[in-house]
Amino acid sequence: MASSNFDDTSRLFNFVVQDGNGIKGLVDLGLTEVPKPYIQPPQERIDESSHHLQHQPPIDLSLLDGPDRDRVAQQIVSAAETLGFFQVVNHGVPLELLESLKESAHAFFGQPPEKKAVYRKDVSPSPLVTYGTSFVPEKEKALEWKDYVSMKYTNDTDALQYWPNECRKVALEYVKTSTNMVRKLMEILMGHLGAKLDDSMIDTLIGSKMVNMNFYPSCPNPKLTVGVGRHSDMGTLTVLLQDGIGGLYVKVEEDVDFATKGEWVEIPPLPGALVINVGDTLQILSNGKYKSAEHRVRTTSASSRVSIPVFTMPKLTVKIAPLPEMIEKHGMARYREVVFADYMRNFFGNAHEGKKSLDFAVIKV
Ligand SMILES: O=C(O)CCC(=O)C(=O)O
Ligand SMILES: [Fe+2]
């Protein structure tokens with residue numbers, strides 16, 4: 001039994017974080033109990049039995065090209081204004097690609113620790129690729145039960161040269177096909193706010209992309225841990241592929257006219273579907289009209305889970321601020337102008353704490 005070797009928290013931290021074994025490395029030693037640094041305070045634990053499933057059917061994006069366009073566009077707008085989360089099918093990302101992505105995530109994380117650890121922050125051969133565990137381990141009161149590899153997209157040549165061999169081709173195709181879809185969604189969402197989306201605005205809003213592969217090993221006691229703690233994503237729109245295990249929850253805000261307001265609902269895995277969620281940047285741009293959704297992930301004892309998000313966001317030098325159309329409509333700006341690089345530095349400088357990331361830009365009244 002491994003845990004007795006890790007009674008000392010700093011030894012455990014070194015093994016998992018510094019040496020790059022990840023939580024997977026620890027679980028592979030044969031854990032039977034959750035080590036102390038992973039035990040969440042009671043208020044952060046996820047009680048599976050008290051949750052509702054989100055029953056909204058997925059939105060069929062192929063209908064955007066036909067006579068039902070307005071109705072489907074309205075579904076997208078309503079979802080962004082309420083839950084900030086929705087699922088899509090016929091999204092243009094090939095179904096075989098979704099399968100290959102999940103397989104390559106398992107292939108990457110199934111490697112021996114030393115193969116993954118080469119991509120640790122500070123030692124990675126490329127600034128585009130980072131392998132790590134939890135979110136910001138140095139700042140967290142309790143660690144998250146997750147390893148990840150993060151791949152920044154600059155151009156195709158760099159991706160094919162620097163991203164890990166096990167996943168570079170599929171991850172690149174995923175970024176490209178999902179970006180096409182995000183563009184269509186943004187046309188609808190920005191159009192509804194009265195802004196016309198031309199190429200320069202697209203470059204401003206989603207000029208930067210990053211694809212992550214998340215790996216959540218099975219956990220001896222899911223009641224005590226979280227896969228990812230409460231947070232919102234910082235970018236514009238996130239596209240997420242989840243496997244069939246389940247465990248992704250979204251908080252319904254209090255001011256939403258839903259029976260489940262104020263509660264956590266589970267976004268169920270649907271074969272062939274992708275999950276879309278609004279990030280902080282889009283909430284700021286829309287002056288709060290679109291909801292950046294607070295979400296979190298449960299662990300499971302049955303098997304490991306993978307998820308693969310593409311984060312679309314502005315480039316680092318872009319200044320983000322509410323659209324003038326929205327300030328006029330609301331009679332006030334709810335957020336100040338921030339340089340995206342500063343927003344990002346603040347986001348990654350703190351442990352997950354719900355939608356607190358937005359405080360960086362909120363104008364307090
Ligand atoms: O694993 C999931 O379903 C969600 C992951 C997530 O929220 C994230 O990577 O930001
Ligand atoms: Fe997220």
# chains A, B, ... in the order shown; residues from 1 in each chain; ligands from 1

$ closest_atom_pairs --of "chain A" --to "ligand 1" --cutoff "9 Å" --atoms "only C-alpha atoms and all ligand atoms" --output "CSV"
residue,atom,partner,partner_atom_place_in_ligand_line,distance
A:Lys146,CA,ligand 1,1 (O),8.9
A:Tyr148,CA,ligand 1,9 (O),8.6
A:Asn212,CA,ligand 1,9 (O),7.0
A:Met213,CA,ligand 1,9 (O),8.0
A:Asn214,CA,ligand 1,1 (O),6.3
A:Phe215,CA,ligand 1,1 (O),8.1
A:Tyr216,CA,ligand 1,1 (O),8.1
A:Gly227,CA,ligand 1,1 (O),7.5
A:Val228,CA,ligand 1,7 (O),6.6
A:Gly229,CA,ligand 1,7 (O),8.5
A:Arg230,CA,ligand 1,7 (O),8.5
A:His231,CA,ligand 1,7 (O),7.4
A:Ser232,CA,ligand 1,10 (O),7.3
A:Asp233,CA,ligand 1,10 (O),5.8
A:Met234,CA,ligand 1,10 (O),8.9
A:Thr238,CA,ligand 1,10 (O),8.2
A:Leu240,CA,ligand 1,3 (O),7.0
A:Leu241,CA,ligand 1,3 (O),7.5
A:Gln242,CA,ligand 1,3 (O),5.7
A:Asp243,CA,ligand 1,3 (O),8.6
A:Gly246,CA,ligand 1,3 (O),7.8
A:Gly247,CA,ligand 1,3 (O),7.0
A:Leu248,CA,ligand 1,3 (O),4.8
A:Tyr249,CA,ligand 1,3 (O),8.0
A:Ile267,CA,ligand 1,3 (O),8.7
A:Val275,CA,ligand 1,3 (O),8.8
A:Glu294,CA,ligand 1,7 (O),8.9
A:His295,CA,ligand 1,7 (O),6.3
A:Arg296,CA,ligand 1,7 (O),6.1
A:Val297,CA,ligand 1,2 (C),5.9
A:Arg298,CA,ligand 1,1 (O),8.7
A:Arg305,CA,ligand 1,1 (O),8.1
A:Val306,CA,ligand 1,1 (O),6.8
A:Ser307,CA,ligand 1,1 (O),4.7
A:Ile308,CA,ligand 1,1 (O),7.1
A:Pro309,CA,ligand 1,9 (O),6.0
A:Val310,CA,ligand 1,9 (O),8.7
A:Phe311,CA,ligand 1,10 (O),8.3

$ residues_around --residues "Gln18 of chain A" --least-positions-apart "5" --cutoff "12 Å" --atoms "only C-alpha atoms" --output "compact mmCIF listing (two decimals) with N, CA and C atoms, in the first residue's frame"
# COMPACT_ATOMS: atom_id res chain seq x y z
N SER A 10 4.78 16.76 2.03
CA SER A 10 5.72 17.32 1.06
C SER A 10 6.31 16.21 0.18
N ARG A 11 6.43 15.01 0.70
CA ARG A 11 6.91 13.90 -0.15
C ARG A 11 5.88 13.58 -1.21
N LEU A 12 4.63 13.59 -0.81
CA LEU A 12 3.56 13.32 -1.77
C LEU A 12 3.55 14.41 -2.85
N PHE A 13 3.63 15.66 -2.42
CA PHE A 13 3.61 16.79 -3.35
C PHE A 13 4.76 16.66 -4.36
N ILE A 23 -1.39 12.55 -10.50
CA ILE A 23 -2.28 11.76 -9.63
C ILE A 23 -2.39 10.35 -10.20
N PRO A 113 5.45 7.61 -16.49
CA PRO A 113 5.52 9.00 -16.03
C PRO A 113 6.65 9.80 -16.67
N GLU A 114 7.81 9.18 -16.87
CA GLU A 114 8.95 9.96 -17.37
C GLU A 114 8.72 10.48 -18.79
N ALA A 117 6.50 13.54 -18.10
CA ALA A 117 7.15 14.56 -17.26
C ALA A 117 8.09 15.47 -18.06
N VAL A 118 8.50 15.05 -19.25
CA VAL A 118 9.36 15.94 -20.04
C VAL A 118 8.63 17.23 -20.39
N TYR A 119 7.31 17.20 -20.37
CA TYR A 119 6.53 18.41 -20.73
C TYR A 119 6.15 19.26 -19.53
N ARG A 120 6.71 18.94 -18.35
CA ARG A 120 6.39 19.76 -17.18
C ARG A 120 6.76 21.21 -17.42
N LYS A 121 5.99 22.10 -16.79
CA LYS A 121 6.29 23.54 -16.87
C LYS A 121 7.76 23.75 -16.49
N ASP A 122 8.43 24.66 -17.08
CA ASP A 122 9.84 25.00 -16.84
C ASP A 122 10.83 24.07 -17.53
N VAL A 123 10.45 22.82 -17.82
CA VAL A 123 11.41 21.95 -18.50
C VAL A 123 10.92 21.54 -19.89
N TYR A 131 2.54 19.79 -19.43
CA TYR A 131 1.88 18.67 -18.73
C TYR A 131 1.89 19.03 -17.25
N GLY A 132 0.79 18.74 -16.59
CA GLY A 132 0.75 19.07 -15.17
C GLY A 132 -0.36 18.33 -14.47
N THR A 133 -0.58 18.71 -13.23
CA THR A 133 -1.59 18.04 -12.42
C THR A 133 -2.34 19.07 -11.59
N PRO A 137 -1.27 23.89 -8.17
CA PRO A 137 -1.03 23.12 -6.94
C PRO A 137 -0.41 23.94 -5.81
N GLU A 138 0.43 24.90 -6.18
CA GLU A 138 1.11 25.70 -5.14
C GLU A 138 0.13 26.56 -4.35

$ select_by_dssp --residues "segment 96-289 of chain A" --states "strand (DSSP E)" --output "ChimeraX atom specification"
/A:129-133,147-153,208-216,228-231,237-242,248-251,264-266,274-278

$ write_last_selection --atoms "C-alpha atoms" --output "mmCIF file, in the first residue's frame"
data_model
loop_
_atom_site.group_PDB
_atom_site.id
_atom_site.type_symbol
_atom_site.label_atom_id
_atom_site.label_comp_id
_atom_site.auth_asym_id
_atom_site.auth_seq_id
_atom_site.Cartn_x
_atom_site.Cartn_y
_atom_site.Cartn_z
ATOM 1 C CA VAL A 129 3.101 22.238 -24.435
ATOM 2 C CA THR A 130 2.613 21.840 -20.689
ATOM 3 C CA TYR A 131 1.885 18.674 -18.732
ATOM 4 C CA GLY A 132 0.749 19.072 -15.173
ATOM 5 C CA THR A 133 -1.591 18.035 -12.423
ATOM 6 C CA ASP A 147 -3.679 15.388 -14.731
ATOM 7 C CA TYR A 148 -3.605 17.346 -17.975
ATOM 8 C CA VAL A 149 -1.603 18.158 -21.031
ATOM 9 C CA SER A 150 -2.139 21.554 -22.560
ATOM 10 C CA MET A 151 -1.289 22.435 -26.177
ATOM 11 C CA LYS A 152 -1.300 26.027 -27.406
ATOM 12 C CA TYR A 153 -2.122 26.551 -31.069
ATOM 13 C CA SER A 208 -5.994 32.301 -29.741
ATOM 14 C CA LYS A 209 -6.755 28.624 -29.107
ATOM 15 C CA MET A 210 -5.578 25.971 -26.713
ATOM 16 C CA VAL A 211 -6.531 22.313 -26.546
ATOM 17 C CA ASN A 212 -6.236 20.350 -23.301
ATOM 18 C CA MET A 213 -6.498 16.682 -22.562
ATOM 19 C CA ASN A 214 -7.731 16.022 -19.026
ATOM 20 C CA PHE A 215 -7.266 12.685 -17.308
ATOM 21 C CA TYR A 216 -9.156 11.805 -14.126
ATOM 22 C CA VAL A 228 -11.970 19.994 -11.055
ATOM 23 C CA GLY A 229 -13.162 22.486 -8.484
ATOM 24 C CA ARG A 230 -15.790 25.200 -9.094
ATOM 25 C CA HIS A 231 -14.651 27.590 -11.786
ATOM 26 C CA LEU A 237 -16.329 29.879 -25.890
ATOM 27 C CA THR A 238 -15.108 26.442 -24.797
ATOM 28 C CA VAL A 239 -15.820 23.306 -26.832
ATOM 29 C CA LEU A 240 -15.648 20.188 -24.696
ATOM 30 C CA LEU A 241 -15.570 16.518 -25.594
ATOM 31 C CA GLN A 242 -16.371 14.289 -22.652
ATOM 32 C CA LEU A 248 -19.634 17.418 -15.304
ATOM 33 C CA TYR A 249 -21.882 19.771 -13.303
ATOM 34 C CA VAL A 250 -23.012 23.328 -13.959
ATOM 35 C CA LYS A 251 -24.430 25.789 -11.471
ATOM 36 C CA TRP A 264 -26.035 22.120 -9.745
ATOM 37 C CA VAL A 265 -27.164 20.172 -12.809
ATOM 38 C CA GLU A 266 -25.242 17.439 -14.562
ATOM 39 C CA LEU A 274 -19.964 18.296 -27.966
ATOM 40 C CA VAL A 275 -20.521 20.548 -24.988
ATOM 41 C CA ILE A 276 -20.251 24.315 -25.485
ATOM 42 C CA ASN A 277 -19.839 26.782 -22.668
ATOM 43 C CA VAL A 278 -19.590 30.530 -22.362
#

$ closest_residue --among "A:Leu128, A:Ala80, A:Leu323, A:Val170" --to "Glu103 of chain A" --atoms "only C-alpha atoms"
A:Val170

$ residues_around --residues "Pro41 of chain A" --least-positions-apart "4" --cutoff "9 Å" --atoms "only C-alpha atoms" --output "VMD selection string"
chain A and resid 45 141 to 142 224 to 225

$ residues_around --residues "Asp342 of chain A" --least-positions-apart "4" --cutoff "12 Å" --atoms "only C-alpha atoms" --output "PyMOL selection string"
chain A and resi 234+314-320+337-338+346-349+357+360-361

$ write_last_selection --atoms "C-alpha atoms" --output "short mmCIF file (atom, residue, chain, number, x, y, z; two decimals), in the first residue's frame"
data_model
loop_
_atom_site.label_atom_id
_atom_site.label_comp_id
_atom_site.auth_asym_id
_atom_site.auth_seq_id
_atom_site.Cartn_x
_atom_site.Cartn_y
_atom_site.Cartn_z
CA MET A 234 -11.62 32.50 -18.86
CA PRO A 314 -8.50 36.59 -27.48
CA LYS A 315 -4.81 37.07 -28.17
CA LEU A 316 -2.76 38.28 -25.23
CA THR A 317 -2.53 41.93 -26.29
CA VAL A 318 -6.26 42.33 -26.96
CA LYS A 319 -8.21 44.67 -24.70
CA ILE A 320 -11.54 43.20 -23.68
CA GLU A 337 -11.50 47.27 -19.94
CA VAL A 338 -8.76 44.72 -19.27
CA ASN A 346 -4.83 36.73 -12.62
CA PHE A 347 -6.82 33.62 -13.61
CA PHE A 348 -3.81 31.29 -13.45
CA GLY A 349 -2.45 33.02 -10.36
CA SER A 357 -12.08 35.22 -11.62
CA PHE A 360 -10.78 41.17 -11.77
CA ALA A 361 -12.91 43.04 -14.32
#

$ atom_distance --atom1 "atom CA of Phe135 of chain A" --atom2 "atom CA of Leu97 of chain A"
27.0 Å
